Structure formats: C-alpha cells, structure tokens
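In what follows, a structure is listed as structure tokens, so that the remarks can point back to it.
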Amino acid sequence: MPHQAAQRLMEDELAGLITRHALEAIFLLDGQGRTVFANPAAEALFGWSMAELLDRPLHDMLHHHHPDGRPFPMQDCPLGRVFATGESLRAHEDVFFHRDGRPIPVSCSNAAVLRDGVVTGGVLIVRDISERRLYERHRELLLDELNHRVRNMLAVVRAVANQSLTGQDMAAARESFLSRLDAMAEAQALLTQDGGIEAPLRSVIEHALRAFPAGDGAVRLEGPAVTLSPRKALTLAMAVHELATNATKYGALSRPGGAVRVSWSGADSAAQPLRLVWQEAGGPPVRPPRHTGFGTRMIRQALAAEFEAEIDLDFAPGGLVCTLRPASAA
C-alpha cells in the first residue's frame with residue numbers, strides 16, 4: 001500500500017475514533033446544511049438516529065422555531081449563514097429541540113468547510129449547557145434573595161436604631177441597641193446554619209434566649225416541630241429578645257424562682273395557623289407600663305403583621321402573658 005494511501009486510512013480511522021467517542025454532538029453538513037454525518041453523542045442528545053437525519057436539513061430537524069414558538073427560517077439562523085458567507089461561528093448560544101419537542105440550551109460552533117474558496121459544508125459541534133443554565137438561574141435567584149434580605153435587614157437595623165438611640169442616657173441606649181443587634185445576628189446565624197431557607201421555631205427561641213441568665217429550668221419550651229421562613233424567624237427572634245429583656249429587668253427572670261413557659265401549637269400554615277404563648281410566673285407583681293416602648297410596638301405591630309396574627313399582652317399581676325393567635329380566632 002502506498003504511503004499516502006496508508007496515511008489517509010490512518011487519518012480516517014483516527015477521525016472515526018474521535019467522533020465516535022466525543023462527548024459533544026458532532027454533525028457534518030453539506031453546502032446546503034443537509035446532514036452527512038452525526039456521531040453517537042448527537043444521536044443521544046437529540047433523539048434522532050443518523051439514518052433518520054441523513055440528507056435532511058439539520059436546521060429543520062433541530063432548530064425549526066424559536067423558544068417562544070415563532071418559526072425560525074434557516075436563512076435567519078446565524079448557524080445557517082455560515083454556508084452563505086463562509087465565516088465560521090464560534091461559541092454561539094441558542095436553543096435546539098429534541099425529537100420529542102423538549103428545548104435544549106446549547107453552545108455550538110459551526111466551522112465552514114472550504115474547497116477552492118467555495119463553501120462545501122460545515123462541521124457543527126454542539127454542547128448541552130442545560131446544567132450550566134440551571135446553575136445560572138439558581139445563582140440569580142440566590143442573588144435576588146440576598147439583595148432582598150440585605151435591604152430588609154438594613155431597614156430593620158435603621159428602625160431599631162431610631163427607637164433605641166433616644167433619650168438622655170446614651171450609655172443605656174447604646175446597650176439596648178447592641179443587644180438588639182446581637183439578637184438579629186443570632187437569628188441570621190441560625191438561618192445560615194440551616195441553609196437560609198427556613199429555621200426551626202424551637203431553635204429560633206433558644207438562640208434568642210442565649211444572652212439571658214435564665215438559670216436552669218427557668219425557661220421551658222413546649223410545642224411540636226415547626227419551621228419558619230427567614231422573615232418570620234427574624235421577627236420572632238426580635239420579639240423573644242424584647243420579652244426576655246423585659247422579664248430580666250422587671251419580670252419572672254429578675255428574681256430566683258421565676259419561670260417562663262413558652263408553648264405553641266399549629267404548623268404556621270393556612271390549615272394549621274400558629275398559636276404561641278409566652279407566660280411568666282414567680283416574678284414580682286406586674287404593672288402595665290406607663291409608656292409604649294419599642295419592644296411593645298415591635299411585638300404588637302411587627303410580630304402581628306409578619307405572622308398575620310393578633311397579639312394579646314396581658315399584664316396580669318401574677319406574670320405577663322403574651323399570646324400570638326390567628327387573626328380569625330376569637
């Protein structure tokens with residue numbers, strides 16, 4: 001066998017080996033865009049066998065309409081213009097269609113085959129980028145959620161600052177502001193720990209109470225497993241912080257033997273709305289406050305609005321009772 005013929009045979013075998021084992025879909029097209037060859041990866045990706053694609057315009061098989069359903073003539077297709085201009089197209093992103101009609105996001109290149117300056121065909125290489133597109137959409141959602149949370153957090157910090165940094169005693173105001181920021185930080189840490197999607201109600205309360213010297217058994221938590229959205233978790237953490245602060249200064253946690261029972265029922269859903277009770281006992285006699293401070297307003301307004309509930313604050317002599325109940329409940 002002459003050396004030139006042997007070399008050509010070796011090249012043909014090598015080309016066949018490459019195309020058969022390539023992970024990307026590879027098509028060889030003639031000068032009119034009709035299929036001459038399709039490798040196994042192309043058959044697997046689009047559901048057509050090479051025999052079914054042969055001598056048929058590939059555009060009509062895989063790229064016949066836009067994702068919104070409008071027809072997509074080959075003369076309007078950037079990949080098809082390669083046959084008219086002879087200019088190769090690289091890293092073009094588009095949407096092709098599977099045999100069953102499923103859209104497939106792709107990145108593709110169409111290299112013109114030239115002989116004596118005339119376009120005689122094209123080599124189209126197609127890569128499925130569905131996973132990358134899914135990742136990009138997920139990333140966009142995460143960024144949108146992050147931006148939303150940052151805006152909400154800054155709004156809460158501003159409101160807390162406006163309410164805390166008032167009066168003549170700036171040292172006390174500073175301590176109040178920082179303690180509230182700590183409560184927010186604890187809630188955010190819990191959300192981050194649990195993936196940022198939801199947080200267990202019990203853990204939200206436990207984290208909010210960490211900064212308080214409650215003593216062994218001074219606070220008892222009772223209720224089923226309930227998960228809260230990020231906004232609800234943060235709002236509840238702030239409310240529990242305010243209740244615990246009040247209890248530590250004036251209520252059940254201000255003296256030995258005092259106790260707080262936090263109980264809840266329901267599942268925080270439309271079918272099973274949440275009901276939660278903070279009940280103090282064993283503290284000094286309770287008197288209704290003369291002025292409505294930040295904590296009371298936060299509980300009555302922010303907590304009620306976030307949970308779409310009603311708040312009852314009962315300053316009974318034996319101990320404060322704060323009840324969150326469904327708005328429709330009697």
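We name chains A, B, ... following the order of the structure tokens; residues begin at 1 in each chain, and ligands are numbered from 1 as shown.
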Could you name the residues that touch Ala38 in chain A at 6 Å or less, counting only C-alpha atoms, but leaving out those on the same chain fewer than 2 positions away, as a VMD selection string? chain A and resid 26 to 27 42 50
Those selected residues, please, written with N, CA, C and O atoms and delivered as a PDB file, in the first residue's frame.
```
ATOM      1  N   ILE A  26     -21.518  16.003  17.248  1.00  0.00           N
ATOM      2  CA  ILE A  26     -20.790  16.456  16.058  1.00  0.00           C
ATOM      3  C   ILE A  26     -21.607  16.097  14.829  1.00  0.00           C
ATOM      4  O   ILE A  26     -22.026  14.952  14.645  1.00  0.00           O
ATOM      5  N   PHE A  27     -21.830  17.105  13.985  1.00  0.00           N
ATOM      6  CA  PHE A  27     -22.535  16.908  12.723  1.00  0.00           C
ATOM      7  C   PHE A  27     -21.640  17.369  11.579  1.00  0.00           C
ATOM      8  O   PHE A  27     -20.971  18.414  11.679  1.00  0.00           O
ATOM      9  N   ALA A  42     -24.487  12.930  19.241  1.00  0.00           N
ATOM     10  CA  ALA A  42     -25.554  13.720  18.624  1.00  0.00           C
ATOM     11  C   ALA A  42     -26.865  12.944  18.626  1.00  0.00           C
ATOM     12  O   ALA A  42     -27.938  13.496  18.901  1.00  0.00           O
ATOM     13  N   MET A  50     -28.706   8.692  13.026  1.00  0.00           N
ATOM     14  CA  MET A  50     -28.035   9.256  11.858  1.00  0.00           C
ATOM     15  C   MET A  50     -28.793   8.906  10.579  1.00  0.00           C
ATOM     16  O   MET A  50     -28.913   9.735   9.672  1.00  0.00           O
TER      17      MET A  50
END
```
If you run DSSP on the backbone, which residues of range 80-125 of chain A are helix (DSSP H, G or I), as a list in words? Arg81, Val82, Phe83, Ala84 and Thr85 of chain A
Residue selection dump (C-alpha atoms) as a PDB file, in the first residue's frame:
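Done, and the output landed in part-v2.pdb:
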```pdb
ATOM      1  CA  ARG A  81     -25.444  31.947   7.422  1.00  0.00           C
ATOM      2  CA  VAL A  82     -22.113  30.132   7.646  1.00  0.00           C
ATOM      3  CA  PHE A  83     -22.970  28.365   4.380  1.00  0.00           C
ATOM      4  CA  ALA A  84     -23.639  31.675   2.639  1.00  0.00           C
ATOM      5  CA  THR A  85     -20.686  33.667   3.991  1.00  0.00           C
TER       6      THR A  85
END
```
Sorted by chain and rising residue number, list the residues of range 243-291 of chain A at most 7 Å from range 215-232 of chain A (counting only C-alpha atoms), each with its closest atom pair and distance in Å to one decimal, as CSV.
```
residue,atom,partner,partner_atom,distance
A:Gly258,CA,A:Ala218,CA,6.5
A:Ala259,CA,A:Ala218,CA,4.5
A:Val260,CA,A:Val219,CA,4.7
A:Arg261,CA,A:Arg220,CA,4.8
A:Val262,CA,A:Leu221,CA,4.9
A:Ser263,CA,A:Glu222,CA,4.6
A:Trp264,CA,A:Gly223,CA,4.9
A:Ser265,CA,A:Gly223,CA,5.9
A:Ala267,CA,A:Val226,CA,5.5
```
Show me, as a list in words, the residues that have an atom within 8 Å of Thr120 in chain A when counting only C-alpha atoms, minus same-chain residues fewer than 2 positions from it.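 Listed by chain and then number, they are Asp30, Gly31, Phe83, Ala112, Val113, Leu114, Arg115, Val118 and Gly122 of chain A.
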Output C-alpha atoms for every residue in that selection, as a compact mmCIF listing (two decimals), in the first residue's frame.
```txt
# COMPACT_ATOMS: atom_id res chain seq x y z
CA ASP A 30 -23.09 19.61 3.12
CA GLY A 31 -23.17 23.01 1.46
CA PHE A 83 -22.97 28.36 4.38
CA ALA A 112 -17.18 26.27 7.32
CA VAL A 113 -15.56 23.65 5.08
CA LEU A 114 -13.93 25.43 2.12
CA ARG A 115 -12.54 23.96 -1.07
CA VAL A 118 -16.14 27.65 -2.09
CA GLY A 122 -19.80 22.72 7.72
```
Can you tell me, as number ranges by chain, what residues are no more than 12 Å from Thr292 in chain A when counting only C-alpha atoms, ignoring any on the same chain fewer than 4 positions away? A: 163, 288, 296-301, 313
